[in-house]
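Since the structure comes first, as structure tokens, the remarks are kept for the end.
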Amino acid sequence: MQDPDEWQAKGVHWHVFAEPRDGCAGPGSRRRDRLRQTPLAVLRTPEEVTDWIAGMVREHADRRHVRLIGPRGGVGQVGDDGHIEHDVHQNLDVVCRGDSLYVDIARENDRLQLWAEAVTADECPDGTHDQDAASAQLG
């Protein structure tokens with residue numbers, strides 16, 4: 001059974017970043033390059049990370065209809081409450097382990113890549129782990 005507090009034992013918190021990408025672009029920026037930048041926010045708990053991801057999905061996801069698979073089937077919508085709730089549970093498992101989380105959101109005309117980089121105090125740029133970063137606007 002997974003320890004829900006493994007992230008604390010590892011001494012991590014998360015720096016979050018968002019990068020708009022066009023459909024033809026490569027994989028995006030690299031971790032080491034992101035960690036040299038000022039994050040959009042510094043998050044202290046797994047719940048803060050999953051709340052941030054959920055909020056970004058709610059705000060940015062292209063609300064297209066999709067066919068649901070499985071015994072209940074039917075039709076759902078990307079970015080609806082059911083989709084977000086499902087992802088929150090999966091994302092919480094990842095960040096409770098003290099891992100980084102990467103999410104790609106399809107928007108109407110492009111994609112938005114989200115990164116919640118798990119970092120220790122040793123990996124933080126000077127002082128960043130002790131303060132919240134200012135919010136930045138997305139393209």
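Identifiers in the structure tokens: chain A, B, ... in order shown; residue index from 1 per chain; ligand index from 1 in order shown.
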Contact residues around His13 in chain A with only C-alpha atoms at 7 Å, ignoring same-chain residues under 5 positions, as a PDB file with C-alpha atoms, in the first residue's frame:
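Written out: around-v2.pdb:
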ATOM      1  CA  LEU A  43       2.734  24.645  -3.938  1.00  0.00           C
ATOM      2  CA  ARG A  44       3.263  22.917  -0.601  1.00  0.00           C
ATOM      3  CA  THR A  45       0.853  19.951  -0.588  1.00  0.00           C
ATOM      4  CA  ALA A 118       8.596  18.125  -7.490  1.00  0.00           C
ATOM      5  CA  VAL A 119      11.649  19.794  -5.987  1.00  0.00           C
ATOM      6  CA  THR A 120      13.579  19.632  -2.754  1.00  0.00           C
TER       7      THR A 120
END
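In this structure, CA of Asp99 in chain A sits 25.5 Å away from CA of Asp80 in chain A.
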task = Mind giving me the straight-line distance from CA of Leu40 in chain A to CA of Gln2 in chain A in Å, one decimal?
result =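 So the two atoms, CA of Leu40 in chain A and CA of Gln2 in chain A, lie 29.2 Å apart.
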note = Using only C-alpha atoms, the residue out of A:Val49, A:Val16, A:Ala61, A:Leu35 with shortest distance to Asn109 in chain A is A:Ala61
Contact residues around Leu112 in chain A with only C-alpha atoms at 7 Å, ignoring same-chain residues under 2 positions, as an mmCIF file with C-alpha atoms, in the first residue's frame:
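The resulting result_19.cif:
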data_model
loop_
_atom_site.group_PDB
_atom_site.id
_atom_site.type_symbol
_atom_site.label_atom_id
_atom_site.label_comp_id
_atom_site.auth_asym_id
_atom_site.auth_seq_id
_atom_site.Cartn_x
_atom_site.Cartn_y
_atom_site.Cartn_z
ATOM 1 C CA ALA A 18 2.359 26.398 -17.934
ATOM 2 C CA GLU A 19 3.412 26.642 -21.565
ATOM 3 C CA PRO A 20 1.093 27.197 -24.532
ATOM 4 C CA ARG A 21 2.128 25.124 -27.560
ATOM 5 C CA ASP A 104 -1.312 18.339 -21.558
ATOM 6 C CA ILE A 105 -4.616 20.142 -22.213
ATOM 7 C CA ALA A 106 -6.159 20.518 -25.649
ATOM 8 C CA ARG A 107 -7.520 24.030 -26.093
ATOM 9 C CA ASP A 110 -3.535 25.065 -29.321
ATOM 10 C CA LEU A 114 1.310 22.028 -17.384
#
remark   = note - CA of Val88 in chain A and CA of His60 in chain A are separated by 16.0 Å
Give me, as a PDB file with N, CA and C atoms, in the first residue's frame, the residues of range 42-112 of chain A that a backbone DSSP run labels strand (DSSP E or B).
ATOM      1  N   VAL A  42       4.384  28.311  -6.117  1.00  0.00           N
ATOM      2  CA  VAL A  42       5.082  27.293  -5.340  1.00  0.00           C
ATOM      3  C   VAL A  42       4.022  26.650  -4.456  1.00  0.00           C
ATOM      4  N   LEU A  43       3.806  25.350  -4.648  1.00  0.00           N
ATOM      5  CA  LEU A  43       2.734  24.645  -3.938  1.00  0.00           C
ATOM      6  C   LEU A  43       3.329  23.710  -2.901  1.00  0.00           C
ATOM      7  N   HIS A  65     -17.175  17.067 -26.855  1.00  0.00           N
ATOM      8  CA  HIS A  65     -17.824  15.834 -26.422  1.00  0.00           C
ATOM      9  C   HIS A  65     -16.980  14.631 -26.840  1.00  0.00           C
ATOM     10  N   VAL A  66     -16.962  13.628 -25.980  1.00  0.00           N
ATOM     11  CA  VAL A  66     -16.231  12.390 -26.262  1.00  0.00           C
ATOM     12  C   VAL A  66     -17.117  11.199 -25.884  1.00  0.00           C
ATOM     13  N   ARG A  67     -16.878  10.093 -26.556  1.00  0.00           N
ATOM     14  CA  ARG A  67     -17.583   8.862 -26.217  1.00  0.00           C
ATOM     15  C   ARG A  67     -16.834   8.189 -25.078  1.00  0.00           C
ATOM     16  N   VAL A  75     -21.790   9.425 -23.369  1.00  0.00           N
ATOM     17  CA  VAL A  75     -21.057  10.558 -23.897  1.00  0.00           C
ATOM     18  C   VAL A  75     -20.714  11.477 -22.729  1.00  0.00           C
ATOM     19  N   GLY A  76     -19.499  11.984 -22.750  1.00  0.00           N
ATOM     20  CA  GLY A  76     -19.057  12.931 -21.725  1.00  0.00           C
ATOM     21  C   GLY A  76     -18.458  14.142 -22.391  1.00  0.00           C
ATOM     22  N   GLN A  77     -17.878  14.985 -21.587  1.00  0.00           N
ATOM     23  CA  GLN A  77     -17.269  16.198 -22.108  1.00  0.00           C
ATOM     24  C   GLN A  77     -15.905  16.379 -21.457  1.00  0.00           C
ATOM     25  N   LEU A 101       4.365  16.015 -11.863  1.00  0.00           N
ATOM     26  CA  LEU A 101       3.155  15.705 -12.621  1.00  0.00           C
ATOM     27  C   LEU A 101       3.139  16.578 -13.862  1.00  0.00           C
ATOM     28  N   TYR A 102       2.917  15.947 -15.015  1.00  0.00           N
ATOM     29  CA  TYR A 102       2.865  16.657 -16.290  1.00  0.00           C
ATOM     30  C   TYR A 102       1.511  16.393 -16.935  1.00  0.00           C
ATOM     31  N   VAL A 103       0.843  17.467 -17.385  1.00  0.00           N
ATOM     32  CA  VAL A 103      -0.490  17.354 -17.982  1.00  0.00           C
ATOM     33  C   VAL A 103      -0.512  18.182 -19.257  1.00  0.00           C
ATOM     34  N   ASP A 104      -1.173  17.660 -20.275  1.00  0.00           N
ATOM     35  CA  ASP A 104      -1.312  18.339 -21.558  1.00  0.00           C
ATOM     36  C   ASP A 104      -2.798  18.560 -21.805  1.00  0.00           C
ATOM     37  N   ILE A 105      -3.204  19.799 -22.017  1.00  0.00           N
ATOM     38  CA  ILE A 105      -4.616  20.142 -22.213  1.00  0.00           C
ATOM     39  C   ILE A 105      -4.819  20.633 -23.641  1.00  0.00           C
ATOM     40  N   ALA A 106      -5.773  20.024 -24.326  1.00  0.00           N
ATOM     41  CA  ALA A 106      -6.159  20.518 -25.649  1.00  0.00           C
ATOM     42  C   ALA A 106      -7.072  21.726 -25.454  1.00  0.00           C
ATOM     43  N   ARG A 111      -2.475  23.855 -27.530  1.00  0.00           N
ATOM     44  CA  ARG A 111      -2.398  22.979 -26.358  1.00  0.00           C
ATOM     45  C   ARG A 111      -1.732  23.752 -25.239  1.00  0.00           C
ATOM     46  N   LEU A 112      -2.031  23.371 -24.027  1.00  0.00           N
ATOM     47  CA  LEU A 112      -1.397  23.972 -22.870  1.00  0.00           C
ATOM     48  C   LEU A 112      -0.740  22.855 -22.074  1.00  0.00           C
TER      49      LEU A 112
END
query = Could you write out, as a PyMOL selection string, all the residues of range 8-123 of chain A that DSSP marks as alpha helix (DSSP H)?
reply = chain A and resi 8-10+31-34+46-60+81-96
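Considering only C-alpha atoms, the residue among A:Gln113, A:His15, A:Pro71, A:Trp52 positioned nearest to Thr38 in chain A is A:His15.
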